[in-house]
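Here's the structure we're looking at; comments come further down.
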There are 2 protein chains.
Amino acid sequence: MTTFSTITDVALAAGVSRQTVSNVMNSPGIVKADTRERVQAAIARLGYRPHASARRLRTRRSSTIGIRLDPMIDGISGSVLDRFLHALTEQADRQGLRVLLFTATSPEDEITQLQRLNDGADVDGFVLTSTFAGDPRTKWLIENRISFVTFGRPWGVDDMEDPQHLWVDVDGWAGLHAATRSRQDAGAQRIGYIGWPSPSGTGEDRRRGWRDAMIERGDVTEDELTRLEVVTVDGVAQGTAAMQELQRTAGRLDAVLCASDSLALGAMIANPGRLPVTGYDNTPVAAAIGLSSIDQSVHEVAAGVLELLTGEFGGKVHGAPESLEPKHRMITPRLVERDFAVIP
Amino acid sequence: MTTFSTITDVALAAGVSRQTVSNVMNSPGIVKADTRERVQAAIARLGYRPHASARRLRTRRSSTIGIRLDPMIDGISGSVLDRFLHALTEQADRQGLRVLLFTATSPEDEITQLQRLNDGADVDGFVLTSTFAGDPRTKWLIENRISFVTFGRPWGVDDMEDPQHLWVDVDGWAGLHAATRSRQDAGAQRIGYIGWPSPSGTGEDRRRGWRDAMIERGDVTEDELTRLEVVTVDGVAQGTAAMQELQRTAGRLDAVLCASDSLALGAMIANPGRLPVTGYDNTPVAAAIGLSSIDQSVHEVAAGVLELLTGEFGGKVHGAPESLEPKHRMITPRLVERDFAVIP
DNA sequence: AGAAAACATTTGATCGATCAAATAATGTGG
DNA sequence: CCACATTATTTGATCGATCAAATGTTTTCT
């Protein structure tokens with residue numbers, strides 16, 4: 001029961017050597033069929049489970065990836081990272097990988113943690129979220145040849161093509177472009193946009209999606225486009241204020257797109273005319289309240305992250321990348337259209 | 001830099017033996033002051049970090065706790081567990097404990113995972129969430145003498161006092177009792193309640209908080225109390241429907257309490273009269289929309305869980321409990337009052 | 001049939017730390 | 001100043017697995 005057996009016990013029980021048992025588990029192909037079956041029977045009979053730490057000590061591989069859990073920035077949008085974490089854990093599990101959490105209070109502190117986990121052979125690699133321009137973490141990881149993948153492209157000038165930096169990101173441009181198109185196809189011409197102030201890589205990316213689609217269609221002049229845009233920091237109350245400003249200054253409005261669900265929720269509150277409002281992130285709130293939104297497809301992101309992290313050898317995290325060609329995945333988000341019938 | 005040093009390297013550099021270095025790290029008290037300093041200097045100079053797996057192999061202790069991440073039950077309320085996870089990771093870190101995630105598709109599958117992690121010496125103990133009556137997981141853990149603490153009391157008949165089962169829970173009764181009192185003190189007499197159908201331990205607990213407070217005050221007869229209550233499964237749309245039903249059948253209403261924020265959000269939508277509505281869980285949505293709610297104080301819960309898991313010896317997860325007195329913590333939730341100024 | 005090649009299995013060493021017991025250094029009392 | 005207790009440090013063994021190389025077995029080919 002609770003007494004657990006070692007590889008030697010199994011070897012004894014099956015009448016073979018330790019190494020053969022090890023081979024049955026790690027490279028079954030090289031063991032003769034009938035010995036293999038005998039060993040497998042013994043494994044099952046004794047309920048043998050390999051001792052993870054012993055294996056790690058020997059192989060210098062932990063089959064564990066580390067990810068930082070943000071200190072809960074309150075707000076609706078925080079949940080995207082939580083959903084990503086769910087997806088990552090689920091898919092990592094399927095590949096025999098474990099997910100280890102850690103926290104940090106600042107990028108510098110985070111580097112200390114990264115070092116600790118790496119030196120202690122606790123993890124084989126890291127998944128980084130919420131990257132920003134000039135991120136010291138990626139720089140440090142590259143310098144120390146530690147493998148990692150970021151959810152979020154590197155926003156620095158040349159970093160996008162850095163072959164050392166593997167990343168997966170969601171194409172915010174495509175998301176907003178599609179959302180704009182969808183509204184236009186439904187007859188809207190004057191589509192407003194509530195976005196974030198610079199500098200924000202993601203914010204600018206999304207904004208351009210809307211802007212490009214508007215210009216392509218040519219329903220409004222570039223001058224008017226400026227008046228259809230409001231910039232504000234994230235938040236529900238801020239969304240309400242921004243919507244009110246749009247209504248004062250933009251003239252006729254056929255629809256409004258927002259850089260986040262928080263803003264969209266706020267916008268919808270100051271929306272007596274029942275304009276279609278579209279948010280970003282497809283958070284539970286959006287679903288609950290019947291708000292159209294752009295879904296980041298965290299499952300695909302998680303799959304991409306693991307694929308890059310394990311390389312061609314599924315299930316094993318490989319060392320820092322050797323190849324010179326940049327590796328990344330750009331995920332196209334999914335537009336989820338809803339009728340917001342709920343708020344009366 | 002990247003070449004990492006072993007305990008032997010440090011010993012050589014400091015001119016002492018391996019064991020002395022080990023002692024400096026684990027029981028500094030027994031090492032003479034000046035040798036200790038010399039060793040510590042060498043540790044710092046070489047940037048030595050103990051190899052976690054090697055230590056685990058020898059000590060049979062991982063300083064890691066396992067927790068299952070639920071497969072993202074969509075909905076607003078799921079976020080409570082996420083917030084708990086944040087809090088747990090943060091506080092575990094402070095005690096030198098790590099948090100390892102895993103997933104499972106069913107309670108049976110979860111037991112398999114528990115066994116794997118335990119046999120592999122991956123974790124020292126577990127934190128279980130979302131317990132239910134007759135939970136097979138706790139039974140299995142107790143039988144196998146594996147230490148664990150649940151977030152959620154055991155709902156079985158005698159289990160509450162089982163000394164083998166350590167638990168932390170939030171006093172839903174107290175939460176709803178306080179919320180009811182607060183409304184009453186503000187002048188409300190006829191307070192409705194939208195709750196969950198039986199059997200639900202937590203649901204019944206919350207419901208009784210409201211009911212007891214109503215009976216204590218005696219503003220309405222028990223007969224009327226029945227008409228002030230509606231039962232429905234969780235969800236925003238369900239909350240809206242329930243609210244409409246209450247308005248039809250309950251007569252005058254001064255306030256409404258709900259078993260969850262989802263229900264409360266729904267209730268508020270069908271609420272032209274601007275009745276005060278109170279939810280449960282204090283989710284980001286409640287904050288965003290200005291909904292009163294009951295906060296589960298996940299930080300306190302996390303602290304309690306770790307306290308029980310590590311026992312008197314902070315930082316180390318102890319074995320299965322020996323003592324005969326039941327150990328648990330009941331956390332009183334915090335009522336957060338808000339004016340819902342947002343929906344116009 | 002005999003030698004070489006291919007395949008199957010075993011043996012000893014090792015990963016980096018801690019435990020348990022042995023030895024060395026220091027302190028105390030008569 | 002020596003015997004003895006106390007404290008400080010070192011040595012060898014060990015945790016459970018895998019690696020690398022050695023040994024044993026079967027197949028292939030001339």
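All residue names refer to the structure tokens as shown: chains lettered A, B, ... in order, residues numbered from 1 in each chain, ligands numbered from 1 in order.
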What are the residues of chain A that have an atom within 8 Å of an atom of chain B, counting only C-alpha atoms, as a PyMOL selection string? chain A and resi 1-2+4+49-54+56-57+69-72+74-76+79+82-83+86+89-90+93+98-103+116+119-122+144-145+235-237+262+269-270+284-285+288-289+342-344
Alpha helix (DSSP H) call set, DSSP backbone run, region 142-293 of chain B, as a PyMOL selection string: chain B and resi 142-143+172-185+201-217+222-227+236-249+261-269+284-289
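Here is the contact set of chain B against chain D, at 8 Å and counting only C-alpha atoms (C1' of nucleotides): Ser17, Gln19, Thr20, Ile30, Val31, Lys32, Leu57, Arg58 and Thr59 of chain B.
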How would the residues just picked look written out with N, CA, C and O atoms as a CSV table (one decimal), in the first residue's frame?
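Produced file result33.csv, reproduced below:
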chain,number,residue,atom,x,y,z
B,17,SER,N,34.5,20.4,5.2
B,17,SER,CA,34.0,19.2,4.6
B,17,SER,C,32.6,19.5,4.1
B,17,SER,O,31.9,20.4,4.5
B,19,GLN,N,29.8,18.0,4.8
B,19,GLN,CA,28.8,18.0,5.8
B,19,GLN,C,28.7,19.4,6.6
B,19,GLN,O,27.7,19.8,7.0
B,20,THR,N,29.9,20.0,6.7
B,20,THR,CA,29.8,21.3,7.4
B,20,THR,C,29.1,22.3,6.6
B,20,THR,O,28.3,23.1,7.1
B,30,ILE,N,24.8,24.7,15.0
B,30,ILE,CA,25.8,23.8,15.5
B,30,ILE,C,27.2,24.0,14.9
B,30,ILE,O,28.1,23.3,15.1
B,31,VAL,N,27.3,25.0,14.1
B,31,VAL,CA,28.6,25.3,13.5
B,31,VAL,C,29.2,26.5,14.1
B,31,VAL,O,28.5,27.5,14.4
B,32,LYS,N,30.5,26.5,14.4
B,32,LYS,CA,31.2,27.6,15.1
B,32,LYS,C,31.1,28.8,14.2
B,32,LYS,O,31.1,28.8,13.0
B,57,LEU,N,15.8,13.5,-2.8
B,57,LEU,CA,16.0,12.1,-2.8
B,57,LEU,C,16.5,11.6,-1.4
B,57,LEU,O,16.0,10.6,-0.9
B,58,ARG,N,17.3,12.4,-0.8
B,58,ARG,CA,17.9,12.0,0.5
B,58,ARG,C,16.9,12.2,1.6
B,58,ARG,O,16.7,11.3,2.4
B,59,THR,N,16.2,13.3,1.6
B,59,THR,CA,15.4,13.6,2.8
B,59,THR,C,14.0,13.1,2.6
B,59,THR,O,13.2,13.1,3.6
Could you tell me which residues of chain C sit within 9 Å of chain A when counting only C-alpha atoms (C1' of nucleotides), and give me the result as a list in words? DC7, DA8, DT9, DT10, DT14, DC15 and DG16 of chain C
Write out the residues from the selection above, keeping N, CA, C and O atoms (P, O5', C5', C4', C3', O3' and C1' of nucleotides), as a PDB file, in the first residue's frame.
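Listed below is the output, result02.pdb:
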ATOM      1  P    DC C   7      20.055  -5.055 -34.860  1.00  0.00           P
ATOM      2  O5'  DC C   7      19.743  -5.800 -33.489  1.00  0.00           O
ATOM      3  C5'  DC C   7      19.301  -7.161 -33.528  1.00  0.00           C
ATOM      4  C4'  DC C   7      19.391  -7.744 -32.138  1.00  0.00           C
ATOM      5  C3'  DC C   7      18.655  -6.943 -31.043  1.00  0.00           C
ATOM      6  O3'  DC C   7      17.669  -7.794 -30.488  1.00  0.00           O
ATOM      7  C1'  DC C   7      20.783  -7.691 -30.303  1.00  0.00           C
ATOM      8  P    DA C   8      16.655  -7.233 -29.358  1.00  0.00           P
ATOM      9  O5'  DA C   8      17.397  -7.757 -28.048  1.00  0.00           O
ATOM     10  C5'  DA C   8      17.532  -9.154 -27.845  1.00  0.00           C
ATOM     11  C4'  DA C   8      18.070  -9.411 -26.440  1.00  0.00           C
ATOM     12  C3'  DA C   8      17.369  -8.623 -25.328  1.00  0.00           C
ATOM     13  O3'  DA C   8      16.934  -9.576 -24.368  1.00  0.00           O
ATOM     14  C1'  DA C   8      19.739  -8.345 -25.191  1.00  0.00           C
ATOM     15  P    DT C   9      16.214  -9.060 -22.999  1.00  0.00           P
ATOM     16  O5'  DT C   9      17.444  -8.896 -22.028  1.00  0.00           O
ATOM     17  C5'  DT C   9      18.174 -10.059 -21.617  1.00  0.00           C
ATOM     18  C4'  DT C   9      19.363  -9.644 -20.778  1.00  0.00           C
ATOM     19  C3'  DT C   9      19.025  -8.897 -19.488  1.00  0.00           C
ATOM     20  O3'  DT C   9      19.302  -9.748 -18.399  1.00  0.00           O
ATOM     21  C1'  DT C   9      20.933  -7.979 -20.586  1.00  0.00           C
ATOM     22  P    DT C  10      19.134  -9.244 -16.897  1.00  0.00           P
ATOM     23  O5'  DT C  10      20.632  -8.809 -16.614  1.00  0.00           O
ATOM     24  C5'  DT C  10      21.684  -9.785 -16.715  1.00  0.00           C
ATOM     25  C4'  DT C  10      23.023  -9.150 -16.396  1.00  0.00           C
ATOM     26  C3'  DT C  10      23.145  -8.550 -15.003  1.00  0.00           C
ATOM     27  O3'  DT C  10      24.287  -9.095 -14.380  1.00  0.00           O
ATOM     28  C1'  DT C  10      23.885  -6.996 -16.631  1.00  0.00           C
ATOM     29  P    DT C  14      32.749   7.075 -10.745  1.00  0.00           P
ATOM     30  O5'  DT C  14      31.348   7.819 -10.817  1.00  0.00           O
ATOM     31  C5'  DT C  14      30.797   8.195 -12.082  1.00  0.00           C
ATOM     32  C4'  DT C  14      29.426   8.787 -11.878  1.00  0.00           C
ATOM     33  C3'  DT C  14      29.353   9.865 -10.787  1.00  0.00           C
ATOM     34  O3'  DT C  14      29.049  11.097 -11.408  1.00  0.00           O
ATOM     35  C1'  DT C  14      27.523   8.340 -10.670  1.00  0.00           C
ATOM     36  P    DC C  15      29.409  12.448 -10.642  1.00  0.00           P
ATOM     37  O5'  DC C  15      27.974  13.146 -10.573  1.00  0.00           O
ATOM     38  C5'  DC C  15      27.150  13.296 -11.730  1.00  0.00           C
ATOM     39  C4'  DC C  15      25.721  13.504 -11.288  1.00  0.00           C
ATOM     40  C3'  DC C  15      25.601  14.380 -10.051  1.00  0.00           C
ATOM     41  O3'  DC C  15      25.358  15.715 -10.463  1.00  0.00           O
ATOM     42  C1'  DC C  15      24.190  12.425  -9.915  1.00  0.00           C
ATOM     43  P    DG C  16      26.304  16.863  -9.803  1.00  0.00           P
ATOM     44  O5'  DG C  16      25.666  17.063  -8.365  1.00  0.00           O
ATOM     45  C5'  DG C  16      24.369  17.588  -8.266  1.00  0.00           C
ATOM     46  C4'  DG C  16      23.871  17.446  -6.856  1.00  0.00           C
ATOM     47  C3'  DG C  16      24.741  18.152  -5.801  1.00  0.00           C
ATOM     48  O3'  DG C  16      23.888  18.899  -4.970  1.00  0.00           O
ATOM     49  C1'  DG C  16      24.330  15.931  -5.165  1.00  0.00           C
TER      50       DG C  16
END
DSSP-assigned strand (DSSP E or B) among region 97-334 of chain A, expressed as a ChimeraX atom specification: /A:98-102,125-129,148-151,166-170,191-195,229-231,255-258,277-278,292-295,328-331,334
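Taking CA of Gly239 (chain A) as the reference point, CA of Ala267 (chain B) is found at 22.9 Å.
We find C1' of DA3 (chain C) and CA of Thr35 (chain A) to be spaced 28.6 Å apart.
CA of Gly279 (chain B) is positioned 22.1 Å from CA of Glu224 (chain B).
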Skipping near chain neighbours, those fewer than 6 positions away, what residues fall within 8 Å of Ala133 (chain A) using only C-alpha atoms (C1' of nucleotides), listed as a CSV table (one decimal) with all heavy atoms, in the first residue's frame?
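Okay, selection-v6.csv is ready:
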chain,number,residue,atom,x,y,z
A,154,PRO,N,8.0,39.9,-28.1
A,154,PRO,CA,8.9,40.9,-27.6
A,154,PRO,C,8.7,42.2,-28.3
A,154,PRO,O,8.6,42.2,-29.5
A,154,PRO,CB,10.3,40.3,-28.0
A,154,PRO,CG,10.1,39.4,-29.1
A,154,PRO,CD,8.7,38.9,-29.1
A,155,TRP,N,8.5,43.2,-27.5
A,155,TRP,CA,8.0,44.5,-28.1
A,155,TRP,C,9.2,45.4,-28.5
A,155,TRP,O,9.0,46.5,-29.1
A,155,TRP,CB,7.1,45.2,-27.2
A,155,TRP,CG,5.8,44.5,-27.1
A,155,TRP,CD1,5.4,43.7,-26.0
A,155,TRP,CD2,4.7,44.4,-28.0
A,155,TRP,NE1,4.1,43.2,-26.2
A,155,TRP,CE2,3.7,43.6,-27.5
A,155,TRP,CE3,4.5,44.9,-29.3
A,155,TRP,CZ2,2.5,43.3,-28.1
A,155,TRP,CZ3,3.3,44.6,-30.0
A,155,TRP,CH2,2.4,43.8,-29.4
A,156,GLY,N,10.4,45.0,-28.2
A,156,GLY,CA,11.6,45.8,-28.5
A,156,GLY,C,11.8,45.9,-30.1
A,156,GLY,O,11.2,45.0,-30.8
A,201,GLY,N,2.4,48.1,-26.4
A,201,GLY,CA,2.5,47.3,-27.6
A,201,GLY,C,1.2,46.7,-28.0
A,201,GLY,O,0.7,46.9,-29.1
May I have the residues within 12 Å of Gln189 (chain B) as a ChimeraX atom specification, using only C-alpha atoms (C1' of nucleotides) and disregarding those fewer than 2 positions away in the same chain? /B:180-187,191-192,213-221,224-225,228,252-256
If we count only C-alpha atoms (C1' of nucleotides) and set the cut-off at 10 Å, which residues sit around Gly203 (chain B), ignoring sequence neighbours fewer than 4 positions away in its own chain? Please answer as a count of residues only. 11
